$ cat target16.cif   # mmCIF, C-alpha atoms
data_protein
loop_
_atom_site.group_PDB
_atom_site.id
_atom_site.type_symbol
_atom_site.label_atom_id
_atom_site.label_comp_id
_atom_site.auth_asym_id
_atom_site.auth_seq_id
_atom_site.Cartn_x
_atom_site.Cartn_y
_atom_site.Cartn_z
ATOM 1 C CA MET A 20 -83.611 186.967 -107.722
ATOM 2 C CA ASN A 21 -86.417 189.334 -108.719
ATOM 3 C CA ILE A 22 -87.572 192.173 -106.495
ATOM 4 C CA LEU A 23 -90.527 194.556 -106.836
ATOM 5 C CA ILE A 24 -90.360 197.863 -104.964
ATOM 6 C CA SER A 25 -93.459 200.030 -104.641
ATOM 7 C CA GLY A 26 -94.658 202.872 -102.440
ATOM 8 C CA GLY A 27 -95.733 206.473 -102.567
ATOM 9 C CA CYS A 28 -93.949 209.182 -104.483
ATOM 10 C CA LYS A 29 -90.660 210.600 -103.088
ATOM 11 C CA ASN A 30 -90.226 207.830 -100.544
ATOM 12 C CA GLY A 31 -86.669 207.028 -101.606
ATOM 13 C CA LYS A 32 -87.611 204.096 -103.840
ATOM 14 C CA THR A 33 -84.925 204.742 -106.466
ATOM 15 C CA GLY A 34 -82.120 205.198 -103.934
ATOM 16 C CA PHE A 35 -83.183 202.065 -102.106
ATOM 17 C CA ALA A 36 -83.528 200.098 -105.356
ATOM 18 C CA GLN A 37 -80.014 201.153 -106.365
ATOM 19 C CA SER A 38 -78.511 199.878 -103.126
ATOM 20 C CA VAL A 39 -80.411 196.586 -103.495
ATOM 21 C CA ALA A 40 -79.176 196.186 -107.084
ATOM 22 C CA VAL A 41 -75.593 196.869 -105.978
ATOM 23 C CA LYS A 42 -75.859 194.166 -103.302
ATOM 24 C CA LEU A 43 -77.257 191.684 -105.822
ATOM 25 C CA SER A 44 -74.343 192.227 -108.211
ATOM 26 C CA PRO A 45 -71.007 191.826 -106.393
ATOM 27 C CA ASP A 46 -69.465 191.092 -109.812
ATOM 28 C CA GLY A 47 -70.307 194.682 -110.847
ATOM 29 C CA ASN A 48 -72.539 193.664 -113.773
ATOM 30 C CA ARG A 49 -75.370 196.093 -113.165
ATOM 31 C CA ILE A 50 -77.498 198.062 -115.598
ATOM 32 C CA TYR A 51 -79.824 200.934 -114.819
ATOM 33 C CA VAL A 52 -82.723 200.643 -117.276
ATOM 34 C CA ALA A 53 -84.124 204.165 -117.506
ATOM 35 C CA THR A 54 -87.667 204.150 -118.866
ATOM 36 C CA MET A 55 -88.472 207.839 -118.634
ATOM 37 C CA ILE A 56 -88.452 209.673 -121.966
ATOM 38 C CA PRO A 57 -87.762 213.364 -121.298
ATOM 39 C CA TYR A 58 -90.278 215.728 -122.865
ATOM 40 C CA ASP A 59 -89.163 219.039 -121.393
ATOM 41 C CA GLU A 60 -86.520 220.812 -119.332
ATOM 42 C CA GLU A 61 -88.107 219.756 -116.025
ATOM 43 C CA ASP A 62 -87.813 216.077 -117.041
ATOM 44 C CA ARG A 63 -84.186 216.572 -118.087
ATOM 45 C CA LYS A 64 -83.316 218.141 -114.736
ATOM 46 C CA ARG A 65 -84.876 215.192 -112.864
ATOM 47 C CA ILE A 66 -82.911 212.779 -115.015
ATOM 48 C CA ASP A 67 -79.646 214.699 -114.441
ATOM 49 C CA LEU A 68 -80.228 214.481 -110.676
ATOM 50 C CA HIS A 69 -80.771 210.715 -110.933
ATOM 51 C CA ILE A 70 -77.612 210.301 -113.043
ATOM 52 C CA ALA A 71 -75.540 212.287 -110.526
ATOM 53 C CA ASP A 72 -77.066 210.246 -107.680
ATOM 54 C CA ARG A 73 -75.873 206.918 -109.091
ATOM 55 C CA ALA A 74 -72.565 208.189 -110.558
ATOM 56 C CA ASP A 75 -70.368 206.236 -108.129
ATOM 57 C CA LEU A 76 -72.430 203.031 -108.017
ATOM 58 C CA GLY A 77 -71.025 201.385 -111.132
ATOM 59 C CA PHE A 78 -74.202 201.194 -113.201
ATOM 60 C CA SER A 79 -74.162 201.419 -116.940
ATOM 61 C CA THR A 80 -77.313 203.148 -118.185
ATOM 62 C CA LEU A 81 -79.682 201.862 -120.867
ATOM 63 C CA GLU A 82 -82.451 204.198 -121.957
ATOM 64 C CA THR A 83 -85.367 201.921 -122.781
ATOM 65 C CA GLY A 84 -88.643 203.800 -122.938
ATOM 66 C CA ARG A 85 -90.540 201.046 -124.773
ATOM 67 C CA ASN A 86 -90.126 197.339 -125.633
ATOM 68 C CA ILE A 87 -88.646 196.791 -122.179
ATOM 69 C CA SER A 88 -87.300 193.247 -122.656
ATOM 70 C CA SER A 89 -84.876 194.552 -125.321
ATOM 71 C CA CYS A 90 -82.615 195.493 -122.391
ATOM 72 C CA LEU A 91 -81.753 191.778 -122.178
ATOM 73 C CA ASN A 92 -79.703 192.217 -125.374
ATOM 74 C CA ALA A 93 -77.059 193.837 -123.152
ATOM 75 C CA GLY A 94 -76.467 190.366 -121.637
ATOM 76 C CA LYS A 95 -78.669 188.263 -119.395
ATOM 77 C CA ASN A 96 -75.905 187.856 -116.807
ATOM 78 C CA ASN A 97 -76.584 191.369 -115.535
ATOM 79 C CA THR A 98 -78.566 192.771 -112.628
ATOM 80 C CA PHE A 99 -81.187 195.053 -114.174
ATOM 81 C CA LEU A 100 -82.750 197.936 -112.295
ATOM 82 C CA VAL A 101 -85.918 198.953 -114.164
ATOM 83 C CA ASP A 102 -86.930 202.470 -113.079
ATOM 84 C CA SER A 103 -89.825 202.843 -113.447
ATOM 85 C CA VAL A 104 -92.753 200.641 -114.476
ATOM 86 C CA THR A 105 -94.948 203.742 -114.161
ATOM 87 C CA ALA A 106 -93.085 205.640 -116.903
ATOM 88 C CA LEU A 107 -92.838 202.523 -119.092
ATOM 89 C CA LEU A 108 -96.626 202.111 -119.081
ATOM 90 C CA LEU A 109 -97.148 205.748 -120.045
ATOM 91 C CA ASN A 110 -94.763 205.382 -123.009
ATOM 92 C CA GLU A 111 -96.362 202.121 -124.138
ATOM 93 C CA MET A 112 -99.844 203.642 -123.921
ATOM 94 C CA PHE A 113 -98.705 206.406 -126.263
ATOM 95 C CA PRO A 114 -96.466 204.979 -128.989
ATOM 96 C CA GLU A 115 -94.366 207.471 -130.945
ATOM 97 C CA THR A 116 -96.848 207.674 -133.791
ATOM 98 C CA HIS A 117 -99.897 207.702 -131.558
ATOM 99 C CA SER A 118 -103.270 209.071 -132.587
ATOM 100 C CA GLY A 119 -104.091 210.576 -129.215
ATOM 101 C CA GLU A 120 -105.900 207.410 -128.133
ATOM 102 C CA ALA A 121 -104.296 205.212 -125.488
ATOM 103 C CA ASP A 122 -103.113 201.853 -126.843
ATOM 104 C CA GLU A 123 -105.314 199.270 -125.154
ATOM 105 C CA ASN A 124 -102.690 196.528 -125.460
ATOM 106 C CA ALA A 125 -100.081 198.556 -123.592
ATOM 107 C CA ALA A 126 -100.531 196.946 -120.160
ATOM 108 C CA GLN A 127 -100.310 193.395 -121.519
ATOM 109 C CA ARG A 128 -97.223 194.325 -123.565
ATOM 110 C CA CYS A 129 -95.580 195.666 -120.402
ATOM 111 C CA VAL A 130 -96.475 192.503 -118.461
ATOM 112 C CA ASP A 131 -95.081 190.232 -121.188
ATOM 113 C CA GLY A 132 -91.817 192.176 -121.440
ATOM 114 C CA LEU A 133 -91.310 192.538 -117.680
ATOM 115 C CA LEU A 134 -92.068 188.872 -116.969
ATOM 116 C CA LYS A 135 -89.570 187.888 -119.683
ATOM 117 C CA ILE A 136 -86.963 189.837 -117.714
ATOM 118 C CA THR A 137 -87.911 188.017 -114.486
ATOM 119 C CA ARG A 138 -87.438 184.682 -116.250
ATOM 120 C CA GLU A 139 -84.225 185.402 -118.126
ATOM 121 C CA ALA A 140 -82.153 187.996 -116.259
ATOM 122 C CA GLU A 141 -79.646 187.066 -113.583
ATOM 123 C CA ASN A 142 -81.369 189.515 -111.215
ATOM 124 C CA ALA A 143 -83.929 192.255 -111.652
ATOM 125 C CA VAL A 144 -85.227 195.060 -109.460
ATOM 126 C CA PHE A 145 -88.414 196.831 -110.554
ATOM 127 C CA VAL A 146 -89.576 200.206 -109.259
ATOM 128 C CA THR A 147 -93.253 201.103 -109.463
ATOM 129 C CA ASP A 148 -95.545 203.668 -107.843
ATOM 130 C CA TYR A 149 -98.430 203.133 -105.468
ATOM 131 C CA ILE A 150 -101.221 205.450 -106.699
ATOM 132 C CA TYR A 151 -104.343 203.663 -105.497
ATOM 133 C CA SER A 152 -105.490 205.127 -102.194
ATOM 134 C CA ASP A 153 -106.918 208.591 -102.593
ATOM 135 C CA ALA A 154 -110.386 210.160 -102.550
ATOM 136 C CA VAL A 155 -110.588 211.377 -106.131
ATOM 137 C CA ARG A 156 -112.958 210.549 -108.994
ATOM 138 C CA TYR A 157 -110.533 210.507 -111.921
ATOM 139 C CA ASP A 158 -111.278 211.057 -115.592
ATOM 140 C CA SER A 159 -111.520 207.863 -117.642
ATOM 141 C CA PHE A 160 -108.026 208.209 -119.084
ATOM 142 C CA THR A 161 -106.402 208.481 -115.633
ATOM 143 C CA GLU A 162 -108.603 205.704 -114.225
ATOM 144 C CA ASN A 163 -107.624 203.437 -117.113
ATOM 145 C CA TYR A 164 -103.972 204.245 -116.448
ATOM 146 C CA ARG A 165 -104.327 203.394 -112.720
ATOM 147 C CA LYS A 166 -106.117 200.158 -113.542
ATOM 148 C CA SER A 167 -103.446 199.190 -116.076
ATOM 149 C CA LEU A 168 -100.559 199.943 -113.723
ATOM 150 C CA ALA A 169 -102.238 197.903 -110.984
ATOM 151 C CA TYR A 170 -102.614 195.000 -113.431
ATOM 152 C CA ILE A 171 -98.871 195.124 -114.159
ATOM 153 C CA ASP A 172 -98.040 195.459 -110.446
ATOM 154 C CA ARG A 173 -100.124 192.401 -109.506
ATOM 155 C CA ASN A 174 -98.491 190.307 -112.226
ATOM 156 C CA LEU A 175 -95.015 191.436 -111.221
ATOM 157 C CA ALA A 176 -95.744 190.834 -107.530
ATOM 158 C CA ALA A 177 -96.824 187.273 -108.332
ATOM 159 C CA ALA A 178 -93.650 186.643 -110.368
ATOM 160 C CA CYS A 179 -91.119 188.280 -108.037
ATOM 161 C CA ASP A 180 -89.407 186.520 -105.125
ATOM 162 C CA THR A 181 -89.596 189.596 -102.932
ATOM 163 C CA VAL A 182 -92.129 192.443 -102.838
ATOM 164 C CA ILE A 183 -91.298 195.544 -100.822
ATOM 165 C CA GLU A 184 -93.331 198.615 -99.952
ATOM 166 C CA LEU A 185 -91.344 201.670 -98.942
ATOM 167 C CA CYS A 186 -93.158 203.937 -96.522
ATOM 168 C CA ALA A 187 -91.371 207.097 -95.364
ATOM 169 C CA GLY A 188 -88.119 205.368 -96.263
ATOM 170 C CA ARG A 189 -88.961 202.318 -94.095
ATOM 171 C CA VAL A 190 -89.197 198.822 -95.556
ATOM 172 C CA ILE A 191 -92.342 196.636 -95.417
ATOM 173 C CA PHE A 192 -91.971 193.118 -96.809
ATOM 174 C CA HIS A 193 -95.135 191.828 -98.490
ATOM 175 C CA LYS A 194 -93.420 188.730 -99.876
ATOM 176 C CA GLY A 195 -90.039 187.074 -99.426
ATOM 177 C CA GLY A 196 -87.152 188.993 -97.897
ATOM 178 C CA ILE A 197 -83.598 190.183 -98.427
ATOM 179 C CA ASP A 198 -80.694 191.086 -96.156
ATOM 180 C CA LEU A 199 -80.530 194.829 -95.913
ATOM 181 C CA MET B 19 -116.739 189.545 -89.650
ATOM 182 C CA ASP B 20 -113.675 189.592 -91.870
ATOM 183 C CA PHE B 21 -112.608 193.004 -93.099
ATOM 184 C CA ILE B 22 -110.511 193.525 -96.225
ATOM 185 C CA ILE B 23 -109.065 196.910 -97.175
ATOM 186 C CA GLY B 24 -106.599 198.138 -99.782
ATOM 187 C CA GLY B 25 -106.167 200.504 -102.711
ATOM 188 C CA ALA B 26 -108.003 200.408 -106.015
ATOM 189 C CA TYR B 27 -107.371 197.332 -108.212
ATOM 190 C CA GLN B 28 -105.212 195.589 -105.602
ATOM 191 C CA GLY B 29 -107.138 192.297 -105.830
ATOM 192 C CA LYS B 30 -109.380 192.662 -102.743
ATOM 193 C CA LEU B 31 -112.470 190.978 -104.186
ATOM 194 C CA ASP B 32 -110.479 188.221 -105.949
ATOM 195 C CA TYR B 33 -108.829 187.442 -102.638
ATOM 196 C CA ALA B 34 -112.182 187.361 -100.773
ATOM 197 C CA VAL B 35 -113.735 185.097 -103.413
ATOM 198 C CA LYS B 36 -110.869 182.611 -103.150
ATOM 199 C CA LYS B 37 -110.480 182.677 -99.385
ATOM 200 C CA HIS B 38 -114.181 182.422 -98.563
ATOM 201 C CA ALA B 39 -115.269 180.407 -101.627
ATOM 202 C CA LEU B 40 -117.822 183.042 -102.634
ATOM 203 C CA SER B 41 -120.069 182.776 -105.664
ATOM 204 C CA SER B 42 -121.400 185.821 -107.490
ATOM 205 C CA GLN B 43 -124.746 185.389 -105.666
ATOM 206 C CA ASP B 44 -122.893 185.827 -102.348
ATOM 207 C CA ILE B 45 -121.636 189.302 -103.230
ATOM 208 C CA TYR B 46 -123.401 192.642 -102.927
ATOM 209 C CA THR B 47 -121.466 195.499 -104.549
ATOM 210 C CA CYS B 48 -122.287 198.974 -103.270
ATOM 211 C CA ASN B 49 -122.839 201.913 -105.566
ATOM 212 C CA GLU B 50 -123.104 205.604 -104.896
ATOM 213 C CA ASN B 51 -126.762 205.810 -105.999
ATOM 214 C CA GLU B 52 -128.213 203.210 -103.661
ATOM 215 C CA HIS B 53 -128.485 202.514 -99.933
ATOM 216 C CA VAL B 54 -126.447 199.465 -98.936
ATOM 217 C CA VAL B 55 -128.421 196.199 -98.760
ATOM 218 C CA PHE B 56 -127.227 193.957 -95.948
ATOM 219 C CA GLY B 57 -127.617 190.224 -95.773
ATOM 220 C CA LYS B 58 -125.233 188.752 -98.356
ATOM 221 C CA ARG B 59 -122.061 186.947 -97.299
ATOM 222 C CA CYS B 60 -119.890 189.660 -98.840
ATOM 223 C CA ILE B 61 -120.433 193.406 -99.061
ATOM 224 C CA ASN B 62 -118.036 194.859 -101.599
ATOM 225 C CA ALA B 63 -116.974 198.455 -102.431
ATOM 226 C CA ILE B 64 -118.252 199.961 -99.192
ATOM 227 C CA GLN B 65 -116.545 203.243 -100.142
ATOM 228 C CA GLU B 66 -119.321 203.663 -102.730
ATOM 229 C CA PHE B 67 -121.920 203.488 -99.979
ATOM 230 C CA THR B 68 -120.111 206.157 -97.948
ATOM 231 C CA LEU B 69 -120.305 208.388 -101.032
ATOM 232 C CA TYR B 70 -124.062 207.689 -101.138
ATOM 233 C CA CYS B 71 -124.185 208.760 -97.478
ATOM 234 C CA VAL B 72 -122.390 212.026 -98.287
ATOM 235 C CA HIS B 73 -124.876 212.757 -101.090
ATOM 236 C CA ASN B 74 -127.845 211.955 -98.828
ATOM 237 C CA SER B 75 -126.701 213.455 -95.497
ATOM 238 C CA LEU B 76 -126.422 210.089 -93.771
ATOM 239 C CA ASP B 77 -123.708 208.896 -91.406
ATOM 240 C CA ALA B 78 -122.264 205.601 -92.627
ATOM 241 C CA VAL B 79 -120.954 204.609 -89.202
ATOM 242 C CA SER B 80 -124.426 205.027 -87.668
ATOM 243 C CA VAL B 81 -125.975 202.946 -90.448
ATOM 244 C CA PHE B 82 -123.511 200.115 -89.846
ATOM 245 C CA LYS B 83 -123.917 200.323 -86.054
ATOM 246 C CA ALA B 84 -127.711 200.092 -86.375
ATOM 247 C CA ASN B 85 -127.487 196.984 -88.583
ATOM 248 C CA LYS B 86 -124.683 195.125 -86.863
ATOM 249 C CA GLU B 87 -126.484 191.777 -86.614
ATOM 250 C CA LYS B 88 -126.958 191.773 -90.401
ATOM 251 C CA TRP B 89 -123.257 192.003 -91.306
ATOM 252 C CA GLN B 90 -121.433 190.635 -88.301
ATOM 253 C CA ASN B 91 -120.827 187.294 -90.051
ATOM 254 C CA SER B 92 -120.062 188.795 -93.475
ATOM 255 C CA VAL B 93 -116.912 189.622 -95.403
ATOM 256 C CA LEU B 94 -116.686 193.401 -95.785
ATOM 257 C CA ILE B 95 -114.489 195.063 -98.405
ATOM 258 C CA CYS B 96 -113.559 198.737 -98.575
ATOM 259 C CA GLU B 97 -111.070 200.773 -100.602
ATOM 260 C CA ASP B 98 -108.680 202.833 -98.465
ATOM 261 C CA ILE B 99 -109.382 206.113 -100.244
ATOM 262 C CA PHE B 100 -108.148 208.139 -97.266
ATOM 263 C CA CYS B 101 -104.358 207.988 -97.819
ATOM 264 C CA GLY B 102 -103.915 210.742 -100.408
ATOM 265 C CA VAL B 103 -103.941 214.503 -100.296
ATOM 266 C CA VAL B 104 -106.970 216.151 -98.654
ATOM 267 C CA PRO B 105 -109.229 216.909 -101.633
ATOM 268 C CA LEU B 106 -110.303 220.482 -102.425
ATOM 269 C CA GLY B 107 -113.986 219.645 -102.962
ATOM 270 C CA ALA B 108 -116.163 219.569 -99.813
ATOM 271 C CA ASP B 109 -118.010 216.400 -100.884
ATOM 272 C CA MET B 110 -114.784 214.507 -101.605
ATOM 273 C CA ARG B 111 -113.372 215.689 -98.257
ATOM 274 C CA ALA B 112 -116.473 214.471 -96.421
ATOM 275 C CA TRP B 113 -116.348 211.176 -98.349
ATOM 276 C CA ARG B 114 -112.709 210.619 -97.442
ATOM 277 C CA GLU B 115 -113.282 211.383 -93.771
ATOM 278 C CA MET B 116 -116.428 209.271 -93.419
ATOM 279 C CA THR B 117 -114.762 206.311 -95.133
ATOM 280 C CA GLY B 118 -111.795 206.620 -92.787
ATOM 281 C CA ARG B 119 -114.044 206.678 -89.722
ATOM 282 C CA LEU B 120 -116.083 203.737 -90.977
ATOM 283 C CA CYS B 121 -112.959 201.666 -91.635
ATOM 284 C CA ALA B 122 -111.690 202.407 -88.129
ATOM 285 C CA TYR B 123 -115.038 201.229 -86.693
ATOM 286 C CA LEU B 124 -115.169 198.084 -88.845
ATOM 287 C CA SER B 125 -111.533 197.218 -88.084
ATOM 288 C CA GLU B 126 -112.306 197.358 -84.395
ATOM 289 C CA LYS B 127 -115.333 195.039 -84.753
ATOM 290 C CA ALA B 128 -113.657 192.625 -87.189
ATOM 291 C CA GLY B 129 -112.349 189.191 -86.301
ATOM 292 C CA SER B 130 -109.690 189.628 -88.957
ATOM 293 C CA VAL B 131 -108.401 192.602 -90.932
ATOM 294 C CA GLU B 132 -106.337 192.136 -94.067
ATOM 295 C CA ARG B 133 -104.864 194.663 -96.451
ATOM 296 C CA LEU B 134 -104.280 193.765 -100.102
ATOM 297 C CA PHE B 135 -101.166 195.171 -101.771
ATOM 298 C CA CYS B 136 -100.365 194.279 -105.385
ATOM 299 C CA GLY B 137 -102.511 191.174 -104.988
ATOM 300 C CA LEU B 138 -100.712 190.074 -101.797
ATOM 301 C CA GLU B 139 -102.455 189.933 -98.418
ATOM 302 C CA GLN B 140 -101.021 191.518 -95.299
ATOM 303 C CA LYS B 141 -102.525 190.533 -91.950
ATOM 304 C CA LEU B 142 -103.316 193.592 -89.821
ATOM 305 C CA LYS B 143 -105.462 191.841 -87.206
#
$ encode --input "target16.cif" --output "structure tokens"
Amino acid sequence: MNILISGGCKNGKTGFAQSVAVKLSPDGNRIYVATMIPYDEEDRKRIDLHIADRADLGFSTLETGRNISSCLNAGKNNTFLVDSVTALLLNEMFPETHSGEADENAAQRCVDGLLKITREAENAVFVTDYIYSDAVRYDSFTENYRKSLAYIDRNLAAACDTVIELCAGRVIFHKGGIDL
Amino acid sequence: MDFIIGGAYQGKLDYAVKKHALSSQDIYTCNENEHVVFGKRCINAIQEFTLYCVHNSLDAVSVFKANKEKWQNSVLICEDIFCGVVPLGADMRAWREMTGRLCAYLSEKAGSVERLFCGLEQKLK
């Protein structure tokens, strides 16, 4: 079972995704795949809050900021919670030895790796962000980022069994369904 | 009239092309430097026309009302740019508000309203 969860920022997507991943893995084989690479103290504090939040849920944590399908090396019989696609794309656009230019193959690399997870993992839950409905003319870098994330989202939505939008903590099913 | 809304890059036009078997000659895509031209089977990116209206002190809802017979059998597509934070710039604020009002008008007149989300359609009407 593969599930995509999207929605606006601070809608409770991570908390909801965690409870879904727990339900999908009664055997306890669940891995939280953390894609955010901390760059400063603010990032570290956010990460610490997330770690404390899932402390009692039985996840082991894999920090995988790039090359996302490498998480499968931990064993395909796991339920993987990938949080988040948004951070993964940012990391892939700017490889460690980057020149300041965004890597134009980043979005396709993310799609290939994420779809490999949908094909091979026991279960996977993907968290992404909905950033497409505001009245702003963005700079070309930000617009390219939005376009790339949307490309990944559409590919993931097509591959997943269930697609959920969280709105103010409420669940909207766009595809499939799960018992909540 | 069939009305399709959704965020940027959500697959609105792809969906319209498939569902209504549109060719490229059937599609008019609005831009912010030009008054909308009615008459084609599909009018795409209507939010660009509302920006043209803001720049040129026109009211997009009035323009659509006055030309109803020219689009009432078309497929209309608009980006829902009105969900984010109220922008600081006066033009962007006016753009956001006019697009919201136009979408409300078009939704009311439409035979069907669909929202595209990550490439998936959601029936609203």
$ atom_distance --input "target16.cif" --atom1 "atom CA of B:Asp77" --atom2 "atom CA of B:Leu142"
25.5 Å
$ closest_atom_pairs --input "target16.cif" --of "chain B" --to "chain A" --cutoff "6 Å" --atoms "all atoms listed in the file" --output "tab-separated table"
residue	atom	partner	partner_atom	distance
B:Gly25	CA	A:Tyr151	CA	4.6
B:Ala26	CA	A:Tyr151	CA	4.9
B:Tyr27	CA	A:Ala169	CA	5.9
B:Asp98	CA	A:Ser152	CA	5.4
B:Ile99	CA	A:Asp153	CA	4.2
B:Phe100	CA	A:Asp153	CA	5.5
B:Cys101	CA	A:Ser152	CA	5.3
B:Gly102	CA	A:Asp153	CA	4.3
B:Arg114	CA	A:Ala154	CA	5.6
B:Cys136	CA	A:Arg173	CA	4.5
B:Gly137	CA	A:Arg173	CA	5.3
$ atom_distance --input "target16.cif" --atom1 "atom CA of A:Glu115" --atom2 "atom CA of A:Leu68"
25.7 Å
$ residues_around --input "target16.cif" --residues "B:Glu115" --least-positions-apart "4" --cutoff "10 Å" --atoms "all atoms listed in the file" --output "PDB file with C-alpha atoms, keeping the file's coordinate frame"
ATOM      1  CA  ALA A 154    -110.386 210.160-102.550  1.00  0.00           C
TER       2      ALA A 154
ATOM      3  CA  THR B  68    -120.111 206.157 -97.948  1.00  0.00           C
ATOM      4  CA  ILE B  99    -109.382 206.113-100.244  1.00  0.00           C
ATOM      5  CA  PHE B 100    -108.148 208.139 -97.266  1.00  0.00           C
ATOM      6  CA  VAL B 104    -106.970 216.151 -98.654  1.00  0.00           C
ATOM      7  CA  ASP B 109    -118.010 216.400-100.884  1.00  0.00           C
ATOM      8  CA  MET B 110    -114.784 214.507-101.605  1.00  0.00           C
ATOM      9  CA  ARG B 111    -113.372 215.689 -98.257  1.00  0.00           C
ATOM     10  CA  ARG B 119    -114.044 206.678 -89.722  1.00  0.00           C
ATOM     11  CA  LEU B 120    -116.083 203.737 -90.977  1.00  0.00           C
ATOM     12  CA  CYS B 121    -112.959 201.666 -91.635  1.00  0.00           C
TER      13      CYS B 121
END
$ axis_aligned_box --input "target16.cif" --around "stretch 116-122 of chain B" --padding-each-side "5 Å" --output "AutoDock Vina command-line options"
--center_x -114.1 --center_y 205.5 --center_z -91.6 --size_x 14.7 --size_y 17.6 --size_z 17.0
$ resolve_selection --input "target16.cif" --expression "the PyMOL selection byres ((chain B and resi 30) around 12)" --output "PyMOL selection string"
(chain A and resi 173) or (chain B and resi 21-29+31-37+60-63+93-98+131-140)
$ residues_around --input "target16.cif" --residues "A:Ile24" --least-positions-apart "4" --cutoff "9 Å" --atoms "all atoms listed in the file" --output "PyMOL selection string"
chain A and resi 32-33+35-36+144-148+181-185
$ atom_distance --input "target16.cif" --atom1 "atom CA of A:Leu81" --atom2 "atom CA of A:Arg138"
19.4 Å
$ resolve_selection --input "target16.cif" --expression "the PyMOL selection byres ((chain B and resi 69) around 10)" --output "list in words"
Cys48, Asn49, Glu50, Asn51, Glu52, Ile64, Gln65, Glu66, Phe67, Thr68, Tyr70, Cys71, Val72, His73, Asn74, Ser75, Leu76, Ala78, Asp109, Met110, Ala112, Trp113, Arg114, Met116 and Thr117 of chain B
$ closest_residue --input "target16.cif" --among "A:Ile56, A:Glu120, A:Phe113, A:Thr83" --to "A:Ser159" --atoms "all atoms listed in the file"
A:Glu120
$ closest_residue --input "target16.cif" --among "A:Ala121, A:Ile70, A:Met20, A:Met112" --to "A:Gly34" --atoms "all atoms listed in the file"
A:Ile70
